[in-house]
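**Student:** Before I ask anything, here is the structure I am working with.
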Amino acid sequence: MDASSTSSQVENLNRELTSRVTAHWEKFMASLSPEEGAKKAQADFVRSAVRDVRYGPESLSEFTQWRVRMISEELVASCGTQVHEADIQERSSKATAAQESMARPVARKRPGDVPLNLSSNKRVCTSTLAQVEGSPVGAEGSQPALKLEPLHFLQCHSKNNSPEDLKTQLWACAFEPTWAEGHTGATSQTVATCGGEAVCVIDCQTGIVLHKYKVPGEEFFSVAWTALTVVTQAGHKKRWSVLAAAGLRGHVRLLHVRAGFCCGVIRAHKRAIATLCFSPTHETHLFTASYDKRIILWDIGAPNHNEFQASQLLTLDTTSTPLRLCPVASCPDAYLLAGCEGGCCCWDVRLDQPQKRRVCEVEFVFSEGSEASGRRVDGLAFVNKDVVASKGNGLGTICLWSWSQTWVGRGSQSTVAVVVLAWLQWSPTKLAYLSLSTCPADEDTVLCGDEEGNVWIYDVRHVLTQQPPLPAAPQAPTQILKWPQPRALSQTVTKTMVNMVVANPTFTYLTALTDSNIVAIWKRH
């Protein structure tokens, strides 16, 4: 590693630790009573920061604790004795280039490797509706608010099953699709979640962890489902539900969920895998996106004697770390979209083309001007066959844009401004990597968590039918599902960051993953 790279890593580490210590100071000061002495409060803050602020791999824990202490003491010194009047600046966005781990600022953590009990006065049976000035919730043409009941709050990813694990961050979840033929109305209530060294498969109705797969020293960042047709030794065809999981080590583990074992490992990348997804049209085709700035398309093949032999089909080069993958809904065999640290890019992934290593064909930008490109896109999903929802390109907003209109107007340009259909109002936080999703059953629903544990729900059918010009103000969410503040071991989880939220195909269950080792499950009524 050269000196400039090392310097950059140290700079990014210091920036992230400073951001986290500042955020911790803000929460700490808000919890103080006026009677508490300033000097004691300052000393307590330094101790609590060293204890609670975490970032990066365990191998650097001693160094990061030392830096946290230094930063905390500098912050206290700069604020003097006016602790109750401290002006705390907004947390800066996270720089990830220096770290393979996708760790983010950690909210206050709560213990337990068992379901958390909700006290009666904290159980919220219906979500709270958002009221936004100038664009009230329940505007004409939108759906009534959904009734969602908090059902389970689980801490099933705790390291060493410790009830004191307050640090494990949960990154991705995906509902198992229903593969049974002739059961088009069937719905899945099985969700896979990942974070820390574990992948869990959970029954949303009962809250039971059906399967748990652990790899000591791994940190899982992404999961994706597929179903394979397998011919048994007796010649019978069977459908296998296979779950792919990947993370820090750059390996993809293929899990036979029903049998409960790992039936294949793909050593896909030398650096961490940020995300992965299966092709919606080819059940054995898997895309992996890594911090090595490459996206690789694999054919995992059919298992032979319960083992996979994967082959590499394409390599797509990126100029920055890819964060989200999204095959284009209307032509998934032809084009792949990726939200990256440096923007939104598109590749030609047709396999009938001779070149097996390809560069980004088009970069999509979300505004005009010199600063239009190079902005992180950390949320990306198709709302329907044409409309794309993306996040990260503007603070406090989610962009809805048309793939077809944008592509038709592309010409021979390598950088193209998207055709914006609407802007949705979201949290003004500068925190990154809080991913959005869309609901498979309802082509008009967008979901996104925020830094306080809330889930923003958008019914966009009215938004998408409005005639130009676009409204000056972003469209308000249909509702905001408030964090229910569950209790665990006599403590209340007042707020947490929701890294990902997904609904099952019929929107019967909604699952949110948090930075505080909590899997939250709601049921729709």
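To be explicit about the labels: the chains of the structure tokens are called A, B, and onward in the order shown, and within each one the residues are counted from 1, while ligands get numbers from 1 in the order they are shown.
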If we count only C-alpha atoms and set the cut-off at 8 Å, which residues sit around Ile457 (chain A), ignoring sequence neighbours fewer than 6 positions away in its own chain? Please answer as a VMD selection string.

**Tutor:** chain A and resid 445 to 448 477 to 481

**Student:** Would you save the residues from that selection as a PDB file, in the first residue's frame, using N, CA, C and O atoms?

**Tutor:**
```pdb
ATOM      1  N   THR A 445     -45.693   1.474  -4.635  1.00  0.00           N
ATOM      2  CA  THR A 445     -45.248   1.676  -3.263  1.00  0.00           C
ATOM      3  C   THR A 445     -43.730   1.742  -3.177  1.00  0.00           C
ATOM      4  O   THR A 445     -43.027   0.893  -3.725  1.00  0.00           O
ATOM      5  N   VAL A 446     -43.244   2.768  -2.472  1.00  0.00           N
ATOM      6  CA  VAL A 446     -41.814   2.936  -2.192  1.00  0.00           C
ATOM      7  C   VAL A 446     -41.644   2.985  -0.678  1.00  0.00           C
ATOM      8  O   VAL A 446     -42.442   3.615   0.031  1.00  0.00           O
ATOM      9  N   LEU A 447     -40.604   2.310  -0.173  1.00  0.00           N
ATOM     10  CA  LEU A 447     -40.329   2.239   1.262  1.00  0.00           C
ATOM     11  C   LEU A 447     -38.899   2.679   1.539  1.00  0.00           C
ATOM     12  O   LEU A 447     -37.992   2.356   0.774  1.00  0.00           O
ATOM     13  N   CYS A 448     -38.699   3.400   2.646  1.00  0.00           N
ATOM     14  CA  CYS A 448     -37.336   3.780   3.029  1.00  0.00           C
ATOM     15  C   CYS A 448     -37.290   4.081   4.515  1.00  0.00           C
ATOM     16  O   CYS A 448     -38.179   4.769   5.051  1.00  0.00           O
ATOM     17  N   PRO A 477     -44.663  11.966   2.049  1.00  0.00           N
ATOM     18  CA  PRO A 477     -44.975  10.534   2.149  1.00  0.00           C
ATOM     19  C   PRO A 477     -46.446  10.330   2.455  1.00  0.00           C
ATOM     20  O   PRO A 477     -47.109  11.199   3.031  1.00  0.00           O
ATOM     21  N   THR A 478     -46.970   9.180   2.079  1.00  0.00           N
ATOM     22  CA  THR A 478     -48.341   8.840   2.430  1.00  0.00           C
ATOM     23  C   THR A 478     -48.477   8.705   3.939  1.00  0.00           C
ATOM     24  O   THR A 478     -49.454   9.119   4.531  1.00  0.00           O
ATOM     25  N   GLN A 479     -47.460   8.112   4.551  1.00  0.00           N
ATOM     26  CA  GLN A 479     -47.421   8.000   6.004  1.00  0.00           C
ATOM     27  C   GLN A 479     -46.006   7.691   6.457  1.00  0.00           C
ATOM     28  O   GLN A 479     -45.165   7.252   5.664  1.00  0.00           O
ATOM     29  N   ILE A 480     -45.763   7.952   7.723  1.00  0.00           N
ATOM     30  CA  ILE A 480     -44.490   7.595   8.344  1.00  0.00           C
ATOM     31  C   ILE A 480     -44.788   6.640   9.488  1.00  0.00           C
ATOM     32  O   ILE A 480     -45.518   6.981  10.423  1.00  0.00           O
ATOM     33  N   LEU A 481     -44.258   5.448   9.367  1.00  0.00           N
ATOM     34  CA  LEU A 481     -44.438   4.434  10.403  1.00  0.00           C
ATOM     35  C   LEU A 481     -43.427   4.701  11.503  1.00  0.00           C
ATOM     36  O   LEU A 481     -42.226   4.552  11.311  1.00  0.00           O
TER      37      LEU A 481
END
```

**Student:** Just list as a list of chain:residue names whatever in region 244-468 of chain A DSSP marks as helix (DSSP H, G or I).

**Tutor:**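 Of region 244-468 of chain A, only A:Trp403, A:Ser404, A:Gln405, A:Thr406, A:Trp407, A:Val408, A:Arg461, A:His462, A:Val463, A:Leu464, A:Thr465 fall in helix (DSSP H, G or I).
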
**Student:** Please save N, CA, C and O atoms of the selected residues as a short mmCIF file (atom, residue, chain, number, x, y, z; two decimals), in the first residue's frame.

**Tutor:**
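Listed below is the output, again-v2.cif:
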```cif
data_model
loop_
_atom_site.label_atom_id
_atom_site.label_comp_id
_atom_site.auth_asym_id
_atom_site.auth_seq_id
_atom_site.Cartn_x
_atom_site.Cartn_y
_atom_site.Cartn_z
N TRP A 403 -37.12 5.33 -16.97
CA TRP A 403 -36.06 4.65 -17.71
C TRP A 403 -36.26 4.83 -19.22
O TRP A 403 -35.33 5.19 -19.94
N SER A 404 -37.47 4.59 -19.71
CA SER A 404 -37.70 4.60 -21.16
C SER A 404 -37.48 5.99 -21.75
O SER A 404 -36.83 6.13 -22.79
N GLN A 405 -38.03 7.01 -21.10
CA GLN A 405 -37.87 8.36 -21.62
C GLN A 405 -36.41 8.81 -21.57
O GLN A 405 -35.92 9.49 -22.49
N THR A 406 -35.71 8.43 -20.50
CA THR A 406 -34.30 8.78 -20.38
C THR A 406 -33.48 8.07 -21.45
O THR A 406 -32.61 8.68 -22.09
N TRP A 407 -33.76 6.79 -21.68
CA TRP A 407 -32.98 6.00 -22.63
C TRP A 407 -33.21 6.46 -24.07
O TRP A 407 -32.28 6.53 -24.87
N VAL A 408 -34.45 6.79 -24.39
CA VAL A 408 -34.77 7.26 -25.75
C VAL A 408 -34.03 8.55 -26.06
O VAL A 408 -33.55 8.77 -27.18
N ARG A 461 -48.90 6.41 -6.91
CA ARG A 461 -49.74 6.34 -8.11
C ARG A 461 -50.27 7.72 -8.49
O ARG A 461 -50.32 8.07 -9.68
N HIS A 462 -50.66 8.51 -7.48
CA HIS A 462 -51.16 9.86 -7.77
C HIS A 462 -50.01 10.74 -8.27
O HIS A 462 -50.19 11.54 -9.20
N VAL A 463 -48.85 10.57 -7.68
CA VAL A 463 -47.69 11.37 -8.08
C VAL A 463 -47.33 11.11 -9.54
O VAL A 463 -47.01 12.03 -10.29
N LEU A 464 -47.40 9.85 -9.96
CA LEU A 464 -46.97 9.49 -11.30
C LEU A 464 -47.97 9.87 -12.38
O LEU A 464 -47.62 9.87 -13.57
N THR A 465 -49.20 10.18 -12.00
CA THR A 465 -50.20 10.55 -13.01
C THR A 465 -50.36 12.06 -13.13
O THR A 465 -51.13 12.52 -13.98
#
```

**Student:** With only C-alpha atoms as the counted atoms, please give the residues lying no more than 8 Å from Val502 (chain A), apart from itself and same-chain residues fewer than 6 positions off, as a list in words.

**Tutor:**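 The contact residues come out as Cys173, Ala174, Phe175, Ser437, Thr438, Cys439, Leu447, Leu510, Thr511 and Ala512 of chain A.
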
**Student:** Would you kindly return, as a VMD selection string, each protein, DNA or RNA residue with an atom no farther than 12 Å from any atom of Asn499 (chain A), considering only C-alpha atoms and excluding same-chain residues fewer than 4 positions away?

**Tutor:** chain A and resid 102 to 107 169 to 173 193 to 195 221 to 222 378 to 379 431 to 437 447 to 455 511 to 520

**Student:** Pick from A:Trp401, A:Arg253, A:Pro505, A:Asp444: nearest to Thr178 (chain A), with only C-alpha atoms counted?

**Tutor:** A:Pro505

**Student:** Go through A:Ala302, A:Ala198, A:Leu166, A:Cys326 one by one, measure the shortest atom-to-atom distance of each to Cys344 (chain A) using only C-alpha atoms, and give the residue with the smallest value.

**Tutor:**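 When distances to Cys344 (chain A) are compared using only C-alpha atoms, the smallest one comes from A:Cys326.
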
**Student:** With DSSP run on the backbone, what are the strand (DSSP E) residues within region 245-464 of chain A? I'd like them as a ChimeraX atom specification.

**Tutor:** /A:245-247,251-256,261-267,273-278,285-290,294-299,311-317,322-327,335-340,343-348,357-359,362-365,379-382,387-391,397-402,415-417,419-425,436-438,445-449,455-459

**Student:** As a PDB file with N, CA, C and O atoms, in the first residue's frame, please: the residues near Arg375 (chain A) (cut-off 12 Å, only C-alpha atoms, same-chain neighbours under 3 positions excluded).

**Tutor:**
```pdb
ATOM      1  N   SER A  93     -21.329  13.114   5.984  1.00  0.00           N
ATOM      2  CA  SER A  93     -21.581  11.833   5.322  1.00  0.00           C
ATOM      3  C   SER A  93     -20.349  10.960   5.407  1.00  0.00           C
ATOM      4  O   SER A  93     -19.233  11.430   5.550  1.00  0.00           O
ATOM      5  N   SER A 320     -16.112   3.713  -9.294  1.00  0.00           N
ATOM      6  CA  SER A 320     -16.272   3.874  -7.850  1.00  0.00           C
ATOM      7  C   SER A 320     -16.980   2.642  -7.308  1.00  0.00           C
ATOM      8  O   SER A 320     -17.473   1.808  -8.078  1.00  0.00           O
ATOM      9  N   THR A 321     -17.054   2.524  -5.997  1.00  0.00           N
ATOM     10  CA  THR A 321     -17.640   1.333  -5.386  1.00  0.00           C
ATOM     11  C   THR A 321     -19.121   1.205  -5.716  1.00  0.00           C
ATOM     12  O   THR A 321     -19.906   2.124  -5.466  1.00  0.00           O
ATOM     13  N   GLY A 339     -26.241   1.677  -8.515  1.00  0.00           N
ATOM     14  CA  GLY A 339     -26.002   2.879  -7.729  1.00  0.00           C
ATOM     15  C   GLY A 339     -24.624   2.767  -7.115  1.00  0.00           C
ATOM     16  O   GLY A 339     -24.312   1.769  -6.448  1.00  0.00           O
ATOM     17  N   CYS A 340     -23.772   3.751  -7.340  1.00  0.00           N
ATOM     18  CA  CYS A 340     -22.368   3.692  -6.923  1.00  0.00           C
ATOM     19  C   CYS A 340     -22.009   4.900  -6.063  1.00  0.00           C
ATOM     20  O   CYS A 340     -22.757   5.869  -5.974  1.00  0.00           O
ATOM     21  N   GLU A 341     -20.836   4.821  -5.456  1.00  0.00           N
ATOM     22  CA  GLU A 341     -20.336   5.965  -4.697  1.00  0.00           C
ATOM     23  C   GLU A 341     -20.229   7.198  -5.581  1.00  0.00           C
ATOM     24  O   GLU A 341     -20.392   8.327  -5.118  1.00  0.00           O
ATOM     25  N   GLY A 342     -19.957   7.001  -6.867  1.00  0.00           N
ATOM     26  CA  GLY A 342     -19.782   8.129  -7.776  1.00  0.00           C
ATOM     27  C   GLY A 342     -20.973   8.450  -8.641  1.00  0.00           C
ATOM     28  O   GLY A 342     -20.882   9.309  -9.512  1.00  0.00           O
ATOM     29  N   GLY A 343     -22.108   7.781  -8.450  1.00  0.00           N
ATOM     30  CA  GLY A 343     -23.284   8.086  -9.253  1.00  0.00           C
ATOM     31  C   GLY A 343     -24.031   6.842  -9.695  1.00  0.00           C
ATOM     32  O   GLY A 343     -23.835   5.750  -9.154  1.00  0.00           O
ATOM     33  N   CYS A 344     -24.887   6.997 -10.701  1.00  0.00           N
ATOM     34  CA  CYS A 344     -25.705   5.900 -11.223  1.00  0.00           C
ATOM     35  C   CYS A 344     -25.213   5.530 -12.615  1.00  0.00           C
ATOM     36  O   CYS A 344     -25.170   6.381 -13.512  1.00  0.00           O
ATOM     37  N   CYS A 345     -24.838   4.272 -12.803  1.00  0.00           N
ATOM     38  CA  CYS A 345     -24.248   3.827 -14.068  1.00  0.00           C
ATOM     39  C   CYS A 345     -25.052   2.678 -14.672  1.00  0.00           C
ATOM     40  O   CYS A 345     -25.795   1.988 -13.967  1.00  0.00           O
ATOM     41  N   GLU A 363     -23.629   7.071 -17.791  1.00  0.00           N
ATOM     42  CA  GLU A 363     -23.803   7.557 -16.424  1.00  0.00           C
ATOM     43  C   GLU A 363     -25.030   8.461 -16.411  1.00  0.00           C
ATOM     44  O   GLU A 363     -25.153   9.372 -17.229  1.00  0.00           O
ATOM     45  N   PHE A 364     -25.942   8.193 -15.484  1.00  0.00           N
ATOM     46  CA  PHE A 364     -27.150   9.013 -15.353  1.00  0.00           C
ATOM     47  C   PHE A 364     -26.944  10.051 -14.266  1.00  0.00           C
ATOM     48  O   PHE A 364     -26.442   9.732 -13.177  1.00  0.00           O
ATOM     49  N   VAL A 365     -27.328  11.279 -14.538  1.00  0.00           N
ATOM     50  CA  VAL A 365     -27.212  12.358 -13.558  1.00  0.00           C
ATOM     51  C   VAL A 365     -28.606  12.919 -13.294  1.00  0.00           C
ATOM     52  O   VAL A 365     -29.517  12.777 -14.098  1.00  0.00           O
ATOM     53  N   PHE A 366     -28.730  13.595 -12.144  1.00  0.00           N
ATOM     54  CA  PHE A 366     -30.057  13.970 -11.650  1.00  0.00           C
ATOM     55  C   PHE A 366     -30.294  15.472 -11.615  1.00  0.00           C
ATOM     56  O   PHE A 366     -31.307  15.924 -11.119  1.00  0.00           O
ATOM     57  N   SER A 367     -29.335  16.233 -12.117  1.00  0.00           N
ATOM     58  CA  SER A 367     -29.516  17.673 -12.236  1.00  0.00           C
ATOM     59  C   SER A 367     -28.528  18.183 -13.259  1.00  0.00           C
ATOM     60  O   SER A 367     -27.540  17.515 -13.584  1.00  0.00           O
ATOM     61  N   SER A 370     -22.239  21.558 -13.454  1.00  0.00           N
ATOM     62  CA  SER A 370     -20.926  20.924 -13.294  1.00  0.00           C
ATOM     63  C   SER A 370     -20.892  19.942 -12.148  1.00  0.00           C
ATOM     64  O   SER A 370     -20.033  19.064 -12.101  1.00  0.00           O
ATOM     65  N   GLU A 371     -21.815  20.087 -11.187  1.00  0.00           N
ATOM     66  CA  GLU A 371     -21.812  19.192 -10.023  1.00  0.00           C
ATOM     67  C   GLU A 371     -22.843  18.078 -10.166  1.00  0.00           C
ATOM     68  O   GLU A 371     -23.146  17.382  -9.215  1.00  0.00           O
ATOM     69  N   ALA A 372     -23.380  17.915 -11.357  1.00  0.00           N
ATOM     70  CA  ALA A 372     -24.450  16.939 -11.549  1.00  0.00           C
ATOM     71  C   ALA A 372     -23.966  15.509 -11.413  1.00  0.00           C
ATOM     72  O   ALA A 372     -24.692  14.635 -10.972  1.00  0.00           O
ATOM     73  N   ASP A 378     -27.212   5.600  -3.241  1.00  0.00           N
ATOM     74  CA  ASP A 378     -27.193   4.471  -2.303  1.00  0.00           C
ATOM     75  C   ASP A 378     -28.542   3.771  -2.182  1.00  0.00           C
ATOM     76  O   ASP A 378     -28.701   2.867  -1.371  1.00  0.00           O
ATOM     77  N   SER A 390     -34.634   6.356  -6.968  1.00  0.00           N
ATOM     78  CA  SER A 390     -33.225   6.409  -6.562  1.00  0.00           C
ATOM     79  C   SER A 390     -33.054   7.428  -5.453  1.00  0.00           C
ATOM     80  O   SER A 390     -33.798   8.409  -5.359  1.00  0.00           O
ATOM     81  N   LYS A 391     -32.057   7.199  -4.605  1.00  0.00           N
ATOM     82  CA  LYS A 391     -31.810   8.041  -3.439  1.00  0.00           C
ATOM     83  C   LYS A 391     -30.317   8.254  -3.269  1.00  0.00           C
ATOM     84  O   LYS A 391     -29.513   7.399  -3.625  1.00  0.00           O
ATOM     85  N   GLY A 392     -29.988   9.404  -2.710  1.00  0.00           N
ATOM     86  CA  GLY A 392     -28.586   9.694  -2.418  1.00  0.00           C
ATOM     87  C   GLY A 392     -28.045  10.828  -3.253  1.00  0.00           C
ATOM     88  O   GLY A 392     -27.004  11.403  -2.944  1.00  0.00           O
ATOM     89  N   ASN A 393     -28.765  11.162  -4.335  1.00  0.00           N
ATOM     90  CA  ASN A 393     -28.297  12.208  -5.233  1.00  0.00           C
ATOM     91  C   ASN A 393     -28.728  13.595  -4.781  1.00  0.00           C
ATOM     92  O   ASN A 393     -28.299  14.584  -5.339  1.00  0.00           O
ATOM     93  N   GLY A 394     -29.570  13.687  -3.787  1.00  0.00           N
ATOM     94  CA  GLY A 394     -29.990  14.972  -3.240  1.00  0.00           C
ATOM     95  C   GLY A 394     -30.430  14.792  -1.808  1.00  0.00           C
ATOM     96  O   GLY A 394     -31.127  13.834  -1.476  1.00  0.00           O
ATOM     97  N   LEU A 395     -30.020  15.697  -0.923  1.00  0.00           N
ATOM     98  CA  LEU A 395     -30.362  15.566   0.482  1.00  0.00           C
ATOM     99  C   LEU A 395     -31.867  15.697   0.691  1.00  0.00           C
ATOM    100  O   LEU A 395     -32.505  16.600   0.162  1.00  0.00           O
ATOM    101  N   ALA A 432     -25.566   8.287   4.977  1.00  0.00           N
ATOM    102  CA  ALA A 432     -25.719   7.524   3.743  1.00  0.00           C
ATOM    103  C   ALA A 432     -26.055   6.064   4.033  1.00  0.00           C
ATOM    104  O   ALA A 432     -26.056   5.619   5.179  1.00  0.00           O
TER     105      ALA A 432
END
```

**Student:** Applying 12 Å and only C-alpha atoms, which residues near Ala329 (chain A) remain after dropping the ones on its own chain fewer than 6 positions away? List them as a list in words.

**Tutor:** Ser279, Pro280, Thr281, Tyr335, Leu336, Leu337, Ala381, Phe382, Val383, Asn384, Lys385, Asp386, Val387, Val388, Ser402, Trp403, Ser404, Pro440 and Glu443 of chain A

**Student:** Could you name the residues that touch Gln353 (chain A) at 12 Å or less, counting only C-alpha atoms, but leaving out those on the same chain fewer than 4 positions away, as JSON, numbers by chain?

**Tutor:** {"A": [313, 314, 333, 334, 348, 349, 357, 358]}

**Student:** Counting only C-alpha atoms, figure out which residue out of A:Asn160, A:Ser72, A:Thr229, A:Ser61 gets nearest to Gln42 (chain A).

**Tutor:**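 Looking at the shortest contact to Gln42 (chain A), the residue is A:Ser72.
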
**Student:** Given the choices A:Gly396, A:Pro150, A:Pro332, A:Gly217, which gets closest to Gln485 (chain A) if the distance is worked out from only C-alpha atoms?

**Tutor:**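 Comparing A:Gly396, A:Pro150, A:Pro332, A:Gly217 against Gln485 (chain A), the winner is A:Pro150.
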
**Student:** Go through A:Asn14, A:Thr206, A:Ser414, A:Ser241 one by one, measure the shortest atom-to-atom distance of each to Leu154 (chain A) using only C-alpha atoms, and give the residue with the smallest value.

**Tutor:** A:Thr206

**Student:** CA of Pro327 (chain A) and CA of Val252 (chain A), how far apart in Å?

**Tutor:**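 Atom-to-atom, CA of Val252 (chain A) and CA of Pro327 (chain A) are spaced 19.3 Å apart.
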